[in-house]
Structures are given as C-alpha cells and as structure tokens.
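The structure file final_25.txt is reproduced below (compact mmCIF, N, CA and C atoms).
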```txt
# COMPACT_ATOMS: atom_id res chain seq x y z
N MET E 1 -23.60 -21.89 -5.56
CA MET E 1 -23.83 -20.56 -6.09
C MET E 1 -22.49 -19.82 -6.19
N THR E 2 -22.46 -18.79 -7.01
CA THR E 2 -21.22 -18.04 -7.20
C THR E 2 -20.82 -17.29 -5.95
N LYS E 3 -19.53 -17.15 -5.77
CA LYS E 3 -18.99 -16.42 -4.62
C LYS E 3 -18.44 -15.06 -5.04
N GLU E 4 -17.94 -14.96 -6.27
CA GLU E 4 -17.35 -13.73 -6.75
C GLU E 4 -17.75 -13.51 -8.20
N LEU E 5 -17.65 -12.28 -8.63
CA LEU E 5 -17.83 -11.93 -10.04
C LEU E 5 -16.50 -11.42 -10.54
N TRP E 6 -16.01 -12.00 -11.62
CA TRP E 6 -14.76 -11.56 -12.23
C TRP E 6 -15.08 -10.94 -13.57
N ILE E 7 -14.67 -9.72 -13.77
CA ILE E 7 -14.82 -9.04 -15.05
C ILE E 7 -13.46 -9.07 -15.73
N ASN E 8 -13.39 -9.68 -16.89
CA ASN E 8 -12.14 -9.83 -17.63
C ASN E 8 -12.15 -8.89 -18.83
N LEU E 9 -11.12 -8.09 -18.96
CA LEU E 9 -11.03 -7.12 -20.05
C LEU E 9 -9.70 -7.25 -20.78
N PRO E 10 -9.74 -7.18 -22.11
CA PRO E 10 -8.49 -7.19 -22.87
C PRO E 10 -7.85 -5.81 -22.88
N VAL E 11 -6.54 -5.77 -22.77
CA VAL E 11 -5.82 -4.50 -22.83
C VAL E 11 -4.59 -4.65 -23.73
N LYS E 12 -4.19 -3.56 -24.34
CA LYS E 12 -3.03 -3.58 -25.22
C LYS E 12 -1.71 -3.59 -24.45
N ASN E 13 -1.69 -2.91 -23.29
CA ASN E 13 -0.46 -2.82 -22.52
C ASN E 13 -0.81 -3.00 -21.04
N VAL E 14 -0.52 -4.16 -20.49
CA VAL E 14 -0.88 -4.48 -19.11
C VAL E 14 -0.26 -3.48 -18.13
N ALA E 15 1.00 -3.16 -18.30
CA ALA E 15 1.69 -2.26 -17.36
C ALA E 15 1.04 -0.88 -17.35
N LYS E 16 0.75 -0.32 -18.52
CA LYS E 16 0.13 1.01 -18.59
C LYS E 16 -1.29 0.98 -18.01
N SER E 17 -2.03 -0.07 -18.31
CA SER E 17 -3.40 -0.19 -17.78
C SER E 17 -3.39 -0.38 -16.27
N LYS E 18 -2.43 -1.14 -15.78
CA LYS E 18 -2.29 -1.35 -14.34
C LYS E 18 -2.04 0.00 -13.65
N GLU E 19 -1.18 0.81 -14.24
CA GLU E 19 -0.90 2.14 -13.69
C GLU E 19 -2.15 3.02 -13.73
N PHE E 20 -2.90 2.97 -14.84
CA PHE E 20 -4.12 3.77 -14.99
C PHE E 20 -5.11 3.44 -13.87
N PHE E 21 -5.42 2.17 -13.68
CA PHE E 21 -6.43 1.79 -12.70
C PHE E 21 -5.95 2.00 -11.26
N THR E 22 -4.66 1.90 -11.04
CA THR E 22 -4.12 2.21 -9.72
C THR E 22 -4.33 3.68 -9.41
N LYS E 23 -4.15 4.55 -10.42
CA LYS E 23 -4.36 5.99 -10.23
C LYS E 23 -5.83 6.31 -9.96
N LEU E 24 -6.75 5.45 -10.44
CA LEU E 24 -8.16 5.66 -10.17
C LEU E 24 -8.52 5.25 -8.74
N GLY E 25 -7.62 4.52 -8.10
CA GLY E 25 -7.89 4.08 -6.74
C GLY E 25 -8.28 2.62 -6.62
N PHE E 26 -8.22 1.86 -7.73
CA PHE E 26 -8.52 0.43 -7.66
C PHE E 26 -7.40 -0.24 -6.86
N THR E 27 -7.74 -1.29 -6.13
CA THR E 27 -6.80 -1.99 -5.27
C THR E 27 -6.28 -3.25 -5.95
N LEU E 28 -4.96 -3.38 -6.02
CA LEU E 28 -4.40 -4.61 -6.61
C LEU E 28 -4.84 -5.81 -5.79
N ASN E 29 -5.23 -6.87 -6.46
CA ASN E 29 -5.66 -8.10 -5.82
C ASN E 29 -4.42 -8.85 -5.33
N PRO E 30 -4.27 -9.05 -4.04
CA PRO E 30 -3.07 -9.71 -3.53
C PRO E 30 -3.07 -11.22 -3.72
N HIS E 31 -4.21 -11.78 -4.13
CA HIS E 31 -4.35 -13.24 -4.19
C HIS E 31 -3.93 -13.87 -5.51
N TYR E 32 -4.26 -13.25 -6.61
CA TYR E 32 -3.96 -13.86 -7.91
C TYR E 32 -4.11 -12.85 -9.04
N GLY E 33 -3.61 -13.25 -10.20
CA GLY E 33 -3.87 -12.50 -11.42
C GLY E 33 -2.88 -11.43 -11.79
N ASN E 34 -1.78 -11.30 -11.07
CA ASN E 34 -0.83 -10.25 -11.41
C ASN E 34 0.44 -10.88 -11.99
N SER E 35 0.68 -10.57 -13.26
CA SER E 35 1.86 -11.08 -13.96
C SER E 35 2.15 -10.13 -15.11
N ALA E 36 3.08 -10.51 -15.96
CA ALA E 36 3.37 -9.69 -17.15
C ALA E 36 2.18 -9.69 -18.11
N GLU E 37 1.35 -10.73 -18.04
CA GLU E 37 0.22 -10.89 -18.96
C GLU E 37 -1.12 -10.47 -18.37
N SER E 38 -1.14 -10.11 -17.07
CA SER E 38 -2.42 -9.74 -16.46
C SER E 38 -2.22 -8.87 -15.22
N ALA E 39 -3.28 -8.18 -14.86
CA ALA E 39 -3.32 -7.40 -13.62
C ALA E 39 -4.71 -7.57 -13.04
N SER E 40 -4.80 -7.88 -11.76
CA SER E 40 -6.07 -8.13 -11.11
C SER E 40 -6.31 -7.08 -10.04
N PHE E 41 -7.54 -6.55 -10.01
CA PHE E 41 -7.92 -5.52 -9.06
C PHE E 41 -9.17 -5.92 -8.30
N LEU E 42 -9.29 -5.41 -7.08
CA LEU E 42 -10.51 -5.52 -6.29
C LEU E 42 -11.18 -4.16 -6.34
N VAL E 43 -12.48 -4.15 -6.66
CA VAL E 43 -13.19 -2.89 -6.84
C VAL E 43 -14.40 -2.85 -5.91
N GLY E 44 -14.50 -1.80 -5.13
CA GLY E 44 -15.66 -1.58 -4.28
C GLY E 44 -15.65 -2.37 -2.99
N ALA E 45 -16.63 -2.07 -2.15
CA ALA E 45 -16.74 -2.70 -0.83
C ALA E 45 -17.00 -4.20 -0.94
N LYS E 46 -17.63 -4.63 -2.02
CA LYS E 46 -17.93 -6.05 -2.19
C LYS E 46 -16.85 -6.76 -2.98
N SER E 47 -15.82 -6.02 -3.32
CA SER E 47 -14.64 -6.57 -3.98
C SER E 47 -14.94 -7.37 -5.25
N VAL E 48 -15.56 -6.70 -6.20
CA VAL E 48 -15.69 -7.29 -7.53
C VAL E 48 -14.28 -7.35 -8.10
N VAL E 49 -13.96 -8.42 -8.78
CA VAL E 49 -12.62 -8.61 -9.32
C VAL E 49 -12.61 -8.19 -10.79
N VAL E 50 -11.73 -7.27 -11.14
CA VAL E 50 -11.51 -6.87 -12.53
C VAL E 50 -10.12 -7.36 -12.91
N ILE E 51 -10.06 -8.19 -13.95
CA ILE E 51 -8.77 -8.71 -14.40
C ILE E 51 -8.49 -8.20 -15.80
N LEU E 52 -7.36 -7.55 -15.97
CA LEU E 52 -6.93 -7.04 -17.26
C LEU E 52 -5.98 -8.07 -17.87
N PHE E 53 -6.28 -8.50 -19.08
CA PHE E 53 -5.43 -9.47 -19.76
C PHE E 53 -4.85 -8.87 -21.03
N ALA E 54 -3.62 -9.20 -21.32
CA ALA E 54 -3.04 -8.84 -22.61
C ALA E 54 -3.99 -9.38 -23.68
N GLU E 55 -4.19 -8.63 -24.76
CA GLU E 55 -5.14 -9.05 -25.79
C GLU E 55 -4.90 -10.47 -26.28
N SER E 56 -3.66 -10.86 -26.47
CA SER E 56 -3.37 -12.21 -26.97
C SER E 56 -3.83 -13.27 -25.97
N THR E 57 -3.65 -13.02 -24.70
CA THR E 57 -4.10 -13.95 -23.66
C THR E 57 -5.62 -14.00 -23.62
N PHE E 58 -6.25 -12.84 -23.71
CA PHE E 58 -7.71 -12.74 -23.70
C PHE E 58 -8.30 -13.52 -24.89
N LYS E 59 -7.73 -13.33 -26.07
CA LYS E 59 -8.20 -14.04 -27.27
C LYS E 59 -8.08 -15.54 -27.09
N ASN E 60 -7.01 -15.98 -26.44
CA ASN E 60 -6.81 -17.40 -26.21
C ASN E 60 -7.93 -17.96 -25.31
N PHE E 61 -8.32 -17.21 -24.29
CA PHE E 61 -9.40 -17.64 -23.39
C PHE E 61 -10.75 -17.68 -24.10
N THR E 62 -11.06 -16.62 -24.84
CA THR E 62 -12.39 -16.48 -25.43
C THR E 62 -12.54 -17.20 -26.77
N ARG E 63 -11.40 -17.45 -27.43
CA ARG E 63 -11.42 -18.04 -28.77
C ARG E 63 -12.31 -17.21 -29.71
N HIS E 64 -12.14 -15.89 -29.55
CA HIS E 64 -12.97 -14.95 -30.30
C HIS E 64 -12.19 -13.66 -30.47
N ALA E 65 -12.53 -12.89 -31.48
CA ALA E 65 -11.87 -11.60 -31.71
C ALA E 65 -12.20 -10.61 -30.60
N VAL E 66 -11.29 -9.72 -30.33
CA VAL E 66 -11.51 -8.65 -29.36
C VAL E 66 -12.24 -7.51 -30.06
N ALA E 67 -13.27 -6.96 -29.41
CA ALA E 67 -14.05 -5.87 -29.99
C ALA E 67 -13.17 -4.64 -30.20
N ASP E 68 -13.42 -3.95 -31.29
CA ASP E 68 -12.71 -2.69 -31.57
C ASP E 68 -13.47 -1.58 -30.86
N THR E 69 -12.95 -1.13 -29.73
CA THR E 69 -13.65 -0.13 -28.92
C THR E 69 -13.67 1.26 -29.55
N LYS E 70 -12.93 1.43 -30.65
CA LYS E 70 -13.01 2.71 -31.38
C LYS E 70 -14.26 2.74 -32.27
N GLN E 71 -14.81 1.57 -32.56
CA GLN E 71 -15.97 1.45 -33.44
C GLN E 71 -17.27 1.15 -32.70
N ALA E 72 -17.18 0.49 -31.54
CA ALA E 72 -18.38 0.07 -30.83
C ALA E 72 -18.08 -0.09 -29.34
N THR E 73 -19.14 -0.14 -28.55
CA THR E 73 -19.01 -0.38 -27.11
C THR E 73 -19.45 -1.80 -26.82
N GLU E 74 -18.56 -2.57 -26.21
CA GLU E 74 -18.90 -3.96 -25.93
C GLU E 74 -19.61 -4.13 -24.59
N VAL E 75 -19.39 -3.17 -23.67
CA VAL E 75 -20.00 -3.23 -22.35
C VAL E 75 -19.85 -1.86 -21.68
N LEU E 76 -20.77 -1.52 -20.79
CA LEU E 76 -20.65 -0.31 -19.98
C LEU E 76 -20.52 -0.79 -18.54
N LEU E 77 -19.38 -0.53 -17.94
CA LEU E 77 -19.10 -0.95 -16.56
C LEU E 77 -19.45 0.21 -15.64
N SER E 78 -20.30 -0.03 -14.67
CA SER E 78 -20.79 1.04 -13.80
C SER E 78 -20.24 0.89 -12.39
N ILE E 79 -19.84 2.03 -11.83
CA ILE E 79 -19.31 2.09 -10.48
C ILE E 79 -20.22 3.00 -9.66
N ASP E 80 -20.64 2.53 -8.51
CA ASP E 80 -21.47 3.30 -7.59
C ASP E 80 -20.62 4.30 -6.83
N ALA E 81 -21.08 5.52 -6.76
CA ALA E 81 -20.38 6.56 -6.00
C ALA E 81 -21.26 6.97 -4.82
N GLU E 82 -20.64 7.23 -3.68
CA GLU E 82 -21.40 7.61 -2.49
C GLU E 82 -21.88 9.06 -2.54
N THR E 83 -21.15 9.92 -3.27
CA THR E 83 -21.51 11.34 -3.33
C THR E 83 -21.30 11.89 -4.74
N ARG E 84 -21.88 13.04 -4.99
CA ARG E 84 -21.65 13.75 -6.25
C ARG E 84 -20.17 14.12 -6.37
N GLU E 85 -19.57 14.50 -5.24
CA GLU E 85 -18.16 14.89 -5.24
C GLU E 85 -17.27 13.71 -5.65
N GLU E 86 -17.67 12.52 -5.26
CA GLU E 86 -16.90 11.33 -5.63
C GLU E 86 -16.96 11.11 -7.15
N VAL E 87 -18.10 11.40 -7.75
CA VAL E 87 -18.23 11.33 -9.21
C VAL E 87 -17.28 12.31 -9.87
N ASP E 88 -17.30 13.55 -9.39
CA ASP E 88 -16.42 14.59 -9.94
C ASP E 88 -14.95 14.20 -9.79
N GLU E 89 -14.59 13.66 -8.63
CA GLU E 89 -13.20 13.27 -8.37
C GLU E 89 -12.76 12.14 -9.30
N MET E 90 -13.64 11.15 -9.53
CA MET E 90 -13.29 10.05 -10.42
C MET E 90 -13.09 10.56 -11.85
N ALA E 91 -13.90 11.51 -12.28
CA ALA E 91 -13.74 12.09 -13.62
C ALA E 91 -12.38 12.77 -13.74
N LYS E 92 -11.99 13.50 -12.70
CA LYS E 92 -10.68 14.17 -12.70
C LYS E 92 -9.55 13.14 -12.72
N LYS E 93 -9.66 12.11 -11.89
CA LYS E 93 -8.63 11.07 -11.84
C LYS E 93 -8.49 10.37 -13.19
N ALA E 94 -9.63 10.04 -13.81
CA ALA E 94 -9.61 9.34 -15.10
C ALA E 94 -8.90 10.19 -16.15
N THR E 95 -9.22 11.48 -16.19
CA THR E 95 -8.60 12.38 -17.16
C THR E 95 -7.10 12.51 -16.90
N LYS E 96 -6.75 12.73 -15.65
CA LYS E 96 -5.34 12.88 -15.28
C LYS E 96 -4.53 11.63 -15.58
N ALA E 97 -5.15 10.45 -15.47
CA ALA E 97 -4.46 9.18 -15.71
C ALA E 97 -4.39 8.83 -17.20
N GLY E 98 -5.03 9.63 -18.06
CA GLY E 98 -4.95 9.39 -19.49
C GLY E 98 -6.24 8.89 -20.14
N GLY E 99 -7.31 8.79 -19.34
CA GLY E 99 -8.60 8.37 -19.89
C GLY E 99 -9.29 9.53 -20.60
N THR E 100 -10.43 9.23 -21.21
CA THR E 100 -11.19 10.21 -21.97
C THR E 100 -12.61 10.28 -21.41
N ILE E 101 -13.06 11.49 -21.08
CA ILE E 101 -14.44 11.68 -20.62
C ILE E 101 -15.35 11.69 -21.84
N PHE E 102 -16.35 10.79 -21.84
CA PHE E 102 -17.33 10.82 -22.94
C PHE E 102 -18.67 11.39 -22.47
N SER E 103 -18.83 11.54 -21.16
CA SER E 103 -20.03 12.17 -20.60
C SER E 103 -19.61 12.93 -19.35
N GLU E 104 -19.62 14.26 -19.45
CA GLU E 104 -19.21 15.10 -18.32
C GLU E 104 -20.14 14.86 -17.13
N PRO E 105 -19.66 15.07 -15.90
CA PRO E 105 -20.52 14.92 -14.73
C PRO E 105 -21.76 15.81 -14.86
N GLU E 106 -22.92 15.19 -14.67
CA GLU E 106 -24.18 15.93 -14.76
C GLU E 106 -25.29 15.14 -14.09
N GLU E 107 -26.39 15.85 -13.83
CA GLU E 107 -27.55 15.23 -13.21
C GLU E 107 -28.40 14.54 -14.27
N HIS E 108 -29.01 13.41 -13.88
CA HIS E 108 -29.89 12.65 -14.76
C HIS E 108 -31.19 12.36 -14.03
N GLN E 109 -32.28 12.67 -14.64
CA GLN E 109 -33.62 12.34 -14.16
C GLN E 109 -33.92 12.87 -12.76
N GLY E 110 -33.17 13.86 -12.30
CA GLY E 110 -33.46 14.50 -11.03
C GLY E 110 -33.01 13.76 -9.79
N TRP E 111 -32.48 12.54 -9.94
CA TRP E 111 -32.06 11.79 -8.75
C TRP E 111 -30.73 11.06 -8.93
N MET E 112 -30.17 11.15 -10.12
CA MET E 112 -28.88 10.52 -10.37
C MET E 112 -27.89 11.57 -10.84
N TYR E 113 -26.62 11.38 -10.50
CA TYR E 113 -25.56 12.28 -10.93
C TYR E 113 -24.40 11.39 -11.36
N GLY E 114 -23.94 11.56 -12.58
CA GLY E 114 -22.90 10.67 -13.05
C GLY E 114 -22.06 11.24 -14.18
N CYS E 115 -21.05 10.47 -14.54
CA CYS E 115 -20.19 10.80 -15.66
C CYS E 115 -19.75 9.50 -16.32
N GLY E 116 -19.18 9.61 -17.49
CA GLY E 116 -18.66 8.44 -18.19
C GLY E 116 -17.27 8.71 -18.71
N PHE E 117 -16.40 7.69 -18.60
CA PHE E 117 -15.06 7.82 -19.14
C PHE E 117 -14.65 6.53 -19.84
N ALA E 118 -13.74 6.68 -20.78
CA ALA E 118 -13.14 5.52 -21.45
C ALA E 118 -11.73 5.36 -20.92
N ASP E 119 -11.35 4.12 -20.64
CA ASP E 119 -9.99 3.85 -20.16
C ASP E 119 -9.02 3.86 -21.33
N LEU E 120 -7.78 3.48 -21.11
CA LEU E 120 -6.75 3.53 -22.15
C LEU E 120 -7.06 2.65 -23.36
N ASP E 121 -7.88 1.61 -23.16
CA ASP E 121 -8.23 0.70 -24.24
C ASP E 121 -9.62 0.93 -24.79
N GLY E 122 -10.27 2.00 -24.36
CA GLY E 122 -11.58 2.35 -24.89
C GLY E 122 -12.75 1.68 -24.19
N HIS E 123 -12.50 0.90 -23.13
CA HIS E 123 -13.60 0.33 -22.36
C HIS E 123 -14.31 1.47 -21.66
N ARG E 124 -15.63 1.44 -21.69
CA ARG E 124 -16.41 2.55 -21.15
C ARG E 124 -16.89 2.26 -19.73
N TRP E 125 -16.67 3.25 -18.87
CA TRP E 125 -17.02 3.17 -17.46
C TRP E 125 -17.99 4.28 -17.12
N ASN E 126 -18.95 4.00 -16.28
CA ASN E 126 -19.96 4.94 -15.82
C ASN E 126 -19.81 5.06 -14.30
N VAL E 127 -19.68 6.26 -13.79
CA VAL E 127 -19.62 6.48 -12.34
C VAL E 127 -20.90 7.20 -11.97
N LEU E 128 -21.67 6.63 -11.03
CA LEU E 128 -23.02 7.13 -10.78
C LEU E 128 -23.32 7.21 -9.29
N HIS E 129 -23.79 8.39 -8.87
CA HIS E 129 -24.32 8.57 -7.51
C HIS E 129 -25.84 8.64 -7.65
N MET E 130 -26.53 7.81 -6.87
CA MET E 130 -27.99 7.80 -6.90
C MET E 130 -28.53 8.26 -5.55
N ASP E 131 -29.31 9.33 -5.56
CA ASP E 131 -29.95 9.83 -4.35
C ASP E 131 -31.31 9.14 -4.26
N MET E 132 -31.38 8.06 -3.50
CA MET E 132 -32.58 7.24 -3.44
C MET E 132 -33.76 8.00 -2.82
N THR E 133 -33.50 9.07 -2.06
CA THR E 133 -34.60 9.86 -1.49
C THR E 133 -35.33 10.64 -2.57
N LYS E 134 -34.68 10.87 -3.70
CA LYS E 134 -35.30 11.61 -4.80
C LYS E 134 -35.79 10.69 -5.93
N MET E 135 -35.57 9.40 -5.78
CA MET E 135 -35.96 8.44 -6.83
C MET E 135 -37.49 8.42 -6.94
N PRO E 136 -38.01 8.53 -8.17
CA PRO E 136 -39.47 8.50 -8.35
C PRO E 136 -40.05 7.18 -7.84
N LYS E 137 -41.20 7.26 -7.20
CA LYS E 137 -41.87 6.07 -6.70
C LYS E 137 -42.62 5.41 -7.85
N ALA E 138 -42.53 4.09 -7.90
CA ALA E 138 -43.18 3.34 -8.99
C ALA E 138 -44.66 3.17 -8.74
```
Rewrite the coordinates I just gave you, this time as structure tokens.
Amino acid sequence: MTKELWINLPVKNVAKSKEFFTKLGFTLNPHYGNSAESASFLVGAKSVVVILFAESTFKNFTRHAVADTKQATEVLLSIDAETREEVDEMAKKATKAGGTIFSEPEEHQGWMYGCGFADLDGHRWNVLHMDMTKMPKA
C-alpha cells in the first residue's frame, strides 16, 4: 500500500514559487526534490509532499501539455485549518507573498469557514476550517 502522497505541480519559475510557498509556511523537504528544476515541500501534520517542477520537467514526466490556469482549473488543493483565524492568516500570507484571493474568507453552510487563493502559477488552493460540532447530521 502507499506510504506517501506526492502532489506534483508545474511552475514557471521554481525559485519564485519556492519563495512563495516558504512564505506560506510550507516546510522544505530535507530528503529529496530540491534542485534548480524542482522544490519539494512537506505540508501538514501528515506530511503530504508537494513537489514543484519547472514546466519543461513536468511536461517530460507527464508527456502531456500543461493546463493553462488562466483559462481553467485543473485541480483544487485543499488545506485543513485548525481555526478560523488560521484561515484568515493564510489568506493574508498568500496575498502578501504575491498570490491572488479568488474567494475571501467566509462561512459556508453554517459549519465551515474558508477562503481560496491562486498561487503564482494560478494553481487554486482552498483553506478550510470545519467545525464538526456544527456539521449537520446525516
């Protein structure tokens, strides 16, 4: 069975993207994936691995065109937040680091609070705090 999940994303400028995600608080992966062509991060308590690849390297791996994030969304990456304040803080960090907020922090369905931002390459991220005590019972 799998031991880790690696999310691979194409980026136009590895150095700038590495700086962006470091400002968000992502942790550089000390084990592998950091070079001129890639940057690897550990995200969250379970350490999901996010690897940013130069577009040319990414295309070589996938043997497919890279999606134009100005025209469409290829994936929505979601990050769990422990508090509403953590959602607000991530929105501020993303904006300050050069990202774009596409969904301001707000409440959803009475039990979720979240926001959405696009990184420097247009990949869309969702930061969400879920208050399970308020979640509707099925």
Determine the nearest neighbour of Met90 in chain E from the options E:Leu28, E:Ser78, E:Val127, E:Val50, counting all atoms listed in the file. E:Val127
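With distances restricted to only C-alpha atoms, E:Trp6 is the closest residue to Ile51 in chain E from E:Trp6, E:Leu77, E:Asp131, E:Val66.
Running DSSP on the backbone gives helix (DSSP H, G or I) for these residues within range 15-83 of chain E: Ala15, Lys16, Ser17, Lys18, Glu19, Phe20, Phe21, Thr22, Lys23, Leu24, Glu55, Ser56, Thr57, Phe58, Lys59, Asn60, Phe61 and Thr62 of chain E.
Near Asp88 in chain E, within 12 Å and counting only C-alpha atoms, sit Ala81, Glu82, Thr83, Arg84, Lys92, Lys93, Ala94, Thr95, Ile101, Ser103, Glu104, Pro105, Glu106, Glu107, Tyr113, Gly114, Cys115, Gly116, Phe117, Asn126, Val127, Leu128 and His129 of chain E, not including residues fewer than 4 positions from it in the same chain.
The nearest approach to Lys23 in chain E among the residues E:Met112, E:Ala72, E:Val11, E:Ala97, with all atoms listed in the file taken into account, belongs to E:Ala97.
Closest to Val49 in chain E among E:Val14, E:Leu24, E:Leu5, E:Val75 is E:Leu5, based on only C-alpha atoms.
Across the model, the gap from atom C of Lys59 in chain E to atom N of Ala15 in chain E is 17.7 Å.
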So that I can check the surroundings of Thr57 in chain E, please list as an MDAnalysis selection string every protein, DNA and RNA residue that reaches within 8 Å of it, counting all atoms listed in the file and ignoring chain neighbours fewer than 6 positions away. chainID E and resid 10 37 63
Kindly save the residues from that selection, with N, CA and C atoms included, as a PDB file, in the frame of the given file.
```
ATOM      1  N   PRO E  10      -9.740  -7.180 -22.110  1.00  0.00           N
ATOM      2  CA  PRO E  10      -8.490  -7.190 -22.870  1.00  0.00           C
ATOM      3  C   PRO E  10      -7.850  -5.810 -22.880  1.00  0.00           C
ATOM      4  N   GLU E  37       1.350 -10.730 -18.040  1.00  0.00           N
ATOM      5  CA  GLU E  37       0.220 -10.890 -18.960  1.00  0.00           C
ATOM      6  C   GLU E  37      -1.120 -10.470 -18.370  1.00  0.00           C
ATOM      7  N   ARG E  63     -11.400 -17.450 -27.430  1.00  0.00           N
ATOM      8  CA  ARG E  63     -11.420 -18.040 -28.770  1.00  0.00           C
ATOM      9  C   ARG E  63     -12.310 -17.210 -29.710  1.00  0.00           C
TER      10      ARG E  63
END
```
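Atom pair atom C of Ser38 in chain E / atom C of Thr62 in chain E: separated by 17.6 Å.
Candidate residues E:Phe26, E:Lys12, E:Phe21, E:Tyr32 were compared for distance to Asp121 in chain E, and the nearest is E:Lys12, using only N, CA and C atoms.
Atom to atom, CA of Thr133 in chain E and atom C of Trp111 in chain E stand 8.5 Å apart.
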Where does DSSP see strand (DSSP E) in range 3-111 of chain E, if you list the residues as a short mmCIF file (atom, residue, chain, number, x, y, z; two decimals) with N, CA and C atoms, in the coordinates of the input?
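What ended up in selection.cif:
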```cif
data_model
loop_
_atom_site.label_atom_id
_atom_site.label_comp_id
_atom_site.auth_asym_id
_atom_site.auth_seq_id
_atom_site.Cartn_x
_atom_site.Cartn_y
_atom_site.Cartn_z
N TRP E 6 -16.01 -12.00 -11.62
CA TRP E 6 -14.76 -11.56 -12.23
C TRP E 6 -15.08 -10.94 -13.57
N ILE E 7 -14.67 -9.72 -13.77
CA ILE E 7 -14.82 -9.04 -15.05
C ILE E 7 -13.46 -9.07 -15.73
N ASN E 8 -13.39 -9.68 -16.89
CA ASN E 8 -12.14 -9.83 -17.63
C ASN E 8 -12.15 -8.89 -18.83
N LEU E 9 -11.12 -8.09 -18.96
CA LEU E 9 -11.03 -7.12 -20.05
C LEU E 9 -9.70 -7.25 -20.78
N PRO E 10 -9.74 -7.18 -22.11
CA PRO E 10 -8.49 -7.19 -22.87
C PRO E 10 -7.85 -5.81 -22.88
N VAL E 11 -6.54 -5.77 -22.77
CA VAL E 11 -5.82 -4.50 -22.83
C VAL E 11 -4.59 -4.65 -23.73
N THR E 27 -7.74 -1.29 -6.13
CA THR E 27 -6.80 -1.99 -5.27
C THR E 27 -6.28 -3.25 -5.95
N LEU E 28 -4.96 -3.38 -6.02
CA LEU E 28 -4.40 -4.61 -6.61
C LEU E 28 -4.84 -5.81 -5.79
N SER E 38 -1.14 -10.11 -17.07
CA SER E 38 -2.42 -9.74 -16.46
C SER E 38 -2.22 -8.87 -15.22
N ALA E 39 -3.28 -8.18 -14.86
CA ALA E 39 -3.32 -7.40 -13.62
C ALA E 39 -4.71 -7.57 -13.04
N SER E 40 -4.80 -7.88 -11.76
CA SER E 40 -6.07 -8.13 -11.11
C SER E 40 -6.31 -7.08 -10.04
N PHE E 41 -7.54 -6.55 -10.01
CA PHE E 41 -7.92 -5.52 -9.06
C PHE E 41 -9.17 -5.92 -8.30
N LEU E 42 -9.29 -5.41 -7.08
CA LEU E 42 -10.51 -5.52 -6.29
C LEU E 42 -11.18 -4.16 -6.34
N VAL E 43 -12.48 -4.15 -6.66
CA VAL E 43 -13.19 -2.89 -6.84
C VAL E 43 -14.40 -2.85 -5.91
N VAL E 48 -15.56 -6.70 -6.20
CA VAL E 48 -15.69 -7.29 -7.53
C VAL E 48 -14.28 -7.35 -8.10
N VAL E 49 -13.96 -8.42 -8.78
CA VAL E 49 -12.62 -8.61 -9.32
C VAL E 49 -12.61 -8.19 -10.79
N VAL E 50 -11.73 -7.27 -11.14
CA VAL E 50 -11.51 -6.87 -12.53
C VAL E 50 -10.12 -7.36 -12.91
N ILE E 51 -10.06 -8.19 -13.95
CA ILE E 51 -8.77 -8.71 -14.40
C ILE E 51 -8.49 -8.20 -15.80
N LEU E 52 -7.36 -7.55 -15.97
CA LEU E 52 -6.93 -7.04 -17.26
C LEU E 52 -5.98 -8.07 -17.87
N PHE E 53 -6.28 -8.50 -19.08
CA PHE E 53 -5.43 -9.47 -19.76
C PHE E 53 -4.85 -8.87 -21.03
N ALA E 54 -3.62 -9.20 -21.32
CA ALA E 54 -3.04 -8.84 -22.61
C ALA E 54 -3.99 -9.38 -23.68
N LEU E 76 -20.77 -1.52 -20.79
CA LEU E 76 -20.65 -0.31 -19.98
C LEU E 76 -20.52 -0.79 -18.54
N LEU E 77 -19.38 -0.53 -17.94
CA LEU E 77 -19.10 -0.95 -16.56
C LEU E 77 -19.45 0.21 -15.64
N SER E 78 -20.30 -0.03 -14.67
CA SER E 78 -20.79 1.04 -13.80
C SER E 78 -20.24 0.89 -12.39
N ILE E 79 -19.84 2.03 -11.83
CA ILE E 79 -19.31 2.09 -10.48
C ILE E 79 -20.22 3.00 -9.66
N ASP E 80 -20.64 2.53 -8.51
CA ASP E 80 -21.47 3.30 -7.59
C ASP E 80 -20.62 4.30 -6.83
N THR E 100 -10.43 9.23 -21.21
CA THR E 100 -11.19 10.21 -21.97
C THR E 100 -12.61 10.28 -21.41
N ILE E 101 -13.06 11.49 -21.08
CA ILE E 101 -14.44 11.68 -20.62
C ILE E 101 -15.35 11.69 -21.84
N PHE E 102 -16.35 10.79 -21.84
CA PHE E 102 -17.33 10.82 -22.94
C PHE E 102 -18.67 11.39 -22.47
N SER E 103 -18.83 11.54 -21.16
CA SER E 103 -20.03 12.17 -20.60
C SER E 103 -19.61 12.93 -19.35
N GLU E 104 -19.62 14.26 -19.45
CA GLU E 104 -19.21 15.10 -18.32
C GLU E 104 -20.14 14.86 -17.13
N PRO E 105 -19.66 15.07 -15.90
CA PRO E 105 -20.52 14.92 -14.73
C PRO E 105 -21.76 15.81 -14.86
N GLU E 106 -22.92 15.19 -14.67
CA GLU E 106 -24.18 15.93 -14.76
C GLU E 106 -25.29 15.14 -14.09
N GLU E 107 -26.39 15.85 -13.83
CA GLU E 107 -27.55 15.23 -13.21
C GLU E 107 -28.40 14.54 -14.27
N HIS E 108 -29.01 13.41 -13.88
CA HIS E 108 -29.89 12.65 -14.76
C HIS E 108 -31.19 12.36 -14.03
#
```
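Among the candidates E:Leu76, E:Asn13, E:Ala67, E:Phe20, the one nearest to Lys96 in chain E when counting only C-alpha atoms is E:Phe20.
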Kindly write range 12-26 of chain E with C-alpha atoms to a file, as a PDB file, in the first residue's frame.
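Result file is decode.pdb:
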```
ATOM      1  CA  LYS E  12       7.125  28.758 -14.459  1.00  0.00           C
ATOM      2  CA  ASN E  13       9.834  29.822 -12.009  1.00  0.00           C
ATOM      3  CA  VAL E  14      10.971  27.315  -9.368  1.00  0.00           C
ATOM      4  CA  ALA E  15      12.883  29.891  -7.294  1.00  0.00           C
ATOM      5  CA  LYS E  16       9.948  32.338  -7.092  1.00  0.00           C
ATOM      6  CA  SER E  17       7.470  29.546  -6.321  1.00  0.00           C
ATOM      7  CA  LYS E  18       9.798  28.133  -3.665  1.00  0.00           C
ATOM      8  CA  GLU E  19       9.888  31.567  -2.026  1.00  0.00           C
ATOM      9  CA  PHE E  20       6.076  31.890  -2.253  1.00  0.00           C
ATOM     10  CA  PHE E  21       5.364  28.576  -0.527  1.00  0.00           C
ATOM     11  CA  THR E  22       8.041  29.164   2.091  1.00  0.00           C
ATOM     12  CA  LYS E  23       6.269  32.442   2.967  1.00  0.00           C
ATOM     13  CA  LEU E  24       3.031  30.472   3.394  1.00  0.00           C
ATOM     14  CA  GLY E  25       4.770  28.330   5.990  1.00  0.00           C
ATOM     15  CA  PHE E  26       5.336  25.164   3.943  1.00  0.00           C
TER      16      PHE E  26
END
```
